[in-house]
Structure formats: structure tokens, C-alpha cells
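Source file: coords.pdb. Holds: PDB, C-alpha atoms, pLDDT in the B column.
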ATOM      1  CA  ASP A1486      34.112 -16.674   5.930  1.00 56.00           C
ATOM      2  CA  GLU A1487      34.537 -14.485   8.965  1.00 66.00           C
ATOM      3  CA  LYS A1488      36.438 -15.969  11.906  1.00 69.00           C
ATOM      4  CA  ARG A1489      35.391 -15.389  15.511  1.00 67.00           C
ATOM      5  CA  ALA A1490      36.755 -16.673  18.787  1.00 70.00           C
ATOM      6  CA  LEU A1491      34.532 -18.789  21.033  1.00 70.00           C
ATOM      7  CA  ARG A1492      34.850 -16.173  23.768  1.00 77.00           C
ATOM      8  CA  GLU A1493      33.136 -13.696  21.398  1.00 83.00           C
ATOM      9  CA  LEU A1494      30.152 -16.036  21.020  1.00 86.00           C
ATOM     10  CA  ALA A1495      29.847 -17.565  24.483  1.00 88.00           C
ATOM     11  CA  GLY A1496      26.992 -16.003  26.422  1.00 92.00           C
ATOM     12  CA  LYS A1497      25.411 -14.264  23.412  1.00 95.00           C
ATOM     13  CA  LEU A1498      21.638 -14.309  23.185  1.00 96.00           C
ATOM     14  CA  VAL A1499      20.183 -16.369  20.327  1.00 96.00           C
ATOM     15  CA  VAL A1500      16.936 -15.105  18.775  1.00 96.00           C
ATOM     16  CA  THR A1501      14.829 -15.992  15.753  1.00 94.00           C
ATOM     17  CA  LYS A1502      14.643 -13.506  12.882  1.00 93.00           C
ATOM     18  CA  GLU A1503      11.239 -12.571  14.322  1.00 93.00           C
ATOM     19  CA  GLY A1504      12.968 -11.598  17.580  1.00 94.00           C
ATOM     20  CA  ILE A1505      11.806 -14.551  19.693  1.00 94.00           C
ATOM     21  CA  ARG A1506      14.380 -15.566  22.292  1.00 96.00           C
ATOM     22  CA  ILE A1507      15.853 -19.077  22.112  1.00 95.00           C
ATOM     23  CA  GLY A1508      18.513 -18.991  24.852  1.00 95.00           C
ATOM     24  CA  PHE A1509      22.217 -18.216  25.319  1.00 96.00           C
ATOM     25  CA  ILE A1510      25.273 -19.788  23.685  1.00 95.00           C
ATOM     26  CA  GLN A1511      27.092 -22.014  26.134  1.00 93.00           C
ATOM     27  CA  ASP A1512      29.501 -23.666  23.718  1.00 91.00           C
ATOM     28  CA  ILE A1513      30.006 -24.591  20.087  1.00 90.00           C
ATOM     29  CA  THR A1514      30.873 -27.816  18.310  1.00 89.00           C
ATOM     30  CA  PHE A1515      33.099 -27.712  15.256  1.00 87.00           C
ATOM     31  CA  GLU A1516      35.025 -29.882  12.830  1.00 86.00           C
ATOM     32  CA  THR A1517      38.534 -30.110  14.268  1.00 86.00           C
ATOM     33  CA  ARG A1518      40.340 -30.360  10.925  1.00 88.00           C
ATOM     34  CA  SER A1519      38.694 -27.433   9.166  1.00 83.00           C
ATOM     35  CA  GLY A1520      37.439 -25.430  12.146  1.00 78.00           C
ATOM     36  CA  GLU A1521      34.011 -25.334  10.497  1.00 83.00           C
ATOM     37  CA  LEU A1522      31.168 -24.598  12.912  1.00 84.00           C
ATOM     38  CA  ILE A1523      28.743 -27.506  13.280  1.00 90.00           C
ATOM     39  CA  GLN A1524      26.306 -26.299  15.923  1.00 94.00           C
ATOM     40  CA  LEU A1525      25.695 -23.981  18.853  1.00 94.00           C
ATOM     41  CA  VAL A1526      25.077 -25.444  22.308  1.00 95.00           C
ATOM     42  CA  ILE A1527      22.349 -23.448  24.100  1.00 94.00           C
ATOM     43  CA  LYS A1528      22.036 -22.936  27.855  1.00 89.00           C
ATOM     44  CA  ASN A1529      19.000 -21.533  29.644  1.00 88.00           C
ATOM     45  CA  PRO A1530      16.622 -22.302  26.756  1.00 91.00           C
ATOM     46  CA  THR A1531      13.329 -20.433  26.767  1.00 93.00           C
ATOM     47  CA  VAL A1532       9.957 -22.148  27.000  1.00 92.00           C
ATOM     48  CA  TYR A1533       9.427 -21.276  23.335  1.00 92.00           C
ATOM     49  CA  SER A1534      12.609 -23.084  22.283  1.00 90.00           C
ATOM     50  CA  GLN A1535      11.567 -26.228  24.171  1.00 82.00           C
ATOM     51  CA  ASN A1536       8.815 -26.674  21.559  1.00 84.00           C
ATOM     52  CA  LEU A1537      11.104 -26.484  18.510  1.00 87.00           C
ATOM     53  CA  ASN A1538      11.977 -30.195  18.427  1.00 85.00           C
ATOM     54  CA  LEU A1539      15.724 -29.475  18.365  1.00 90.00           C
ATOM     55  CA  GLU A1540      18.426 -32.068  18.865  1.00 91.00           C
ATOM     56  CA  ARG A1541      19.798 -32.186  22.427  1.00 90.00           C
ATOM     57  CA  THR A1542      23.044 -33.166  24.123  1.00 89.00           C
ATOM     58  CA  ASN A1543      23.128 -35.990  26.666  1.00 90.00           C
ATOM     59  CA  GLN A1544      22.852 -33.249  29.320  1.00 87.00           C
ATOM     60  CA  GLY A1545      19.662 -31.915  27.693  1.00 85.00           C
ATOM     61  CA  GLU A1546      21.170 -28.752  26.194  1.00 89.00           C
ATOM     62  CA  LEU A1547      19.642 -27.623  22.903  1.00 93.00           C
ATOM     63  CA  LEU A1548      21.705 -27.782  19.705  1.00 94.00           C
ATOM     64  CA  ILE A1549      21.256 -25.163  16.986  1.00 94.00           C
ATOM     65  CA  PRO A1550      22.598 -26.268  13.571  1.00 93.00           C
ATOM     66  CA  HIS A1551      25.071 -23.921  11.884  1.00 91.00           C
ATOM     67  CA  ASN A1552      22.984 -23.636   8.710  1.00 92.00           C
ATOM     68  CA  SER A1553      20.235 -21.827  10.648  1.00 94.00           C
ATOM     69  CA  ILE A1554      22.531 -18.921  11.653  1.00 93.00           C
ATOM     70  CA  MET A1555      21.633 -15.778   9.721  1.00 94.00           C
ATOM     71  CA  ALA A1556      23.685 -13.101  11.494  1.00 93.00           C
ATOM     72  CA  ILE A1557      26.083 -12.619  14.390  1.00 90.00           C
ATOM     73  CA  GLY A1558      26.281  -9.250  16.094  1.00 90.00           C
ATOM     74  CA  ASP A1559      25.235  -8.164  19.570  1.00 92.00           C
ATOM     75  CA  PHE A1560      23.170 -11.344  19.481  1.00 93.00           C
ATOM     76  CA  VAL A1561      22.881 -14.325  17.120  1.00 95.00           C
ATOM     77  CA  VAL A1562      19.934 -14.417  14.722  1.00 96.00           C
ATOM     78  CA  VAL A1563      18.710 -17.789  13.466  1.00 95.00           C
ATOM     79  CA  SER A1564      16.095 -18.787  10.927  1.00 93.00           C
ATOM     80  CA  GLU A1565      13.317 -20.672  12.674  1.00 87.00           C
ATOM     81  CA  GLU A1566      12.419 -22.450   9.418  1.00 84.00           C
ATOM     82  CA  ASP A1567      15.882 -24.065   9.429  1.00 80.00           C
ATOM     83  CA  LEU A1568      15.388 -25.288  13.003  1.00 78.00           C
ATOM     84  CA  ARG A1569      12.450 -27.571  12.194  1.00 67.00           C
TER      85      ARG A1569
END
Is it possible to express this structure as C-alpha cells?
Amino acid sequence: DEKRALRELAGKLVVTKEGIRIGFIQDITFETRSGELIQLVIKNPTVYSQNLNLERTNQGELLIPHNSIMAIGDFVVVSEEDLR
């Protein structure tokens, strides 16, 4: 379990494993006791991501569940199958 600071993730581009852009990480939600990541909060979602039927915040931001994250590097790669 690799640990990363929020500032390392904020602003990173989120893409599917096929390379389709989803949007940028605005924030994360996590379990306060364990620090376990729950989901990514996405700002500036692409038109493509609007059609993924993702959960949204009260402000309309998209939420990407942690179990869909495949890799974190220069950008965050998610599995589109796990988003549906």
C-alpha cells in the first residue's frame, strides 16, 4: 500500500486504460480512521465522462470509486469496466 499526499494527486488527469480522458482530480474522500481512499472527486469532467452514469456530489462533481484505479503516475488510470 503506497502512500501519497493529496497535493500529489490534486490536478492530475484521470484517463481510462484505453486513454480516454475523464477529467482532473479536484479532491479525494477517505476513511478518517484508516486513511483508506474511498473515491476521487473529478473537476472539469469531459463529455465522455458525463455518459458513464457515475455518482455525483451535491455540487455535480463526478465521483470515481477507489476500486477502479489501476495506476497512478503522471496521470491516474482507471478501469472503465469498474465505473459502470
Worksheet entry | Residues in the PyMOL selection byres ((chain A and resi 1523-1538) around 6), expressed as a VMD selection string | chain A and resid 1507 to 1515 1522 1539 1546 to 1551
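Here the PyMOL selection byres ((chain A and resi 1560) around 9) catches exactly these residues: Leu1494, Lys1497, Leu1498, Val1499, Val1500, Ala1556, Ile1557, Gly1558, Asp1559, Val1561 and Val1562 of chain A.
Computed from the coordinates, the atom CA of Ser1519 of chain A to atom CA of Met1555 of chain A distance equals 20.7 Å.
Counting all atoms listed in the file, Asp1567 of chain A has the following residues at most 10 Å away, ignoring those fewer than 2 positions along the same chain: Ile1549, Pro1550, His1551, Asn1552, Ser1553, Ile1554, Val1563, Ser1564, Glu1565 and Arg1569 of chain A.
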Discussion item. What does the structure give for the distance between atom CA of Glu1566 of chain A and atom CA of Arg1541 of chain A, in Å to one decimal?
Written reply: 17.8 Å
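Here atom CA of Gly1496 of chain A is placed at a distance of 17.6 Å from atom CA of Gly1545 of chain A.
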Give the padded box for segment 1505-1509 of chain A as lines of an AutoDock Vina configuration file: axis-aligned, covering all atoms listed in the file, 4 Å on each side, centre and edge lengths in Å to one decimal.
center_x = 17.0
center_y = -16.8
center_z = 22.5
size_x = 18.4
size_y = 12.5
size_z = 13.6
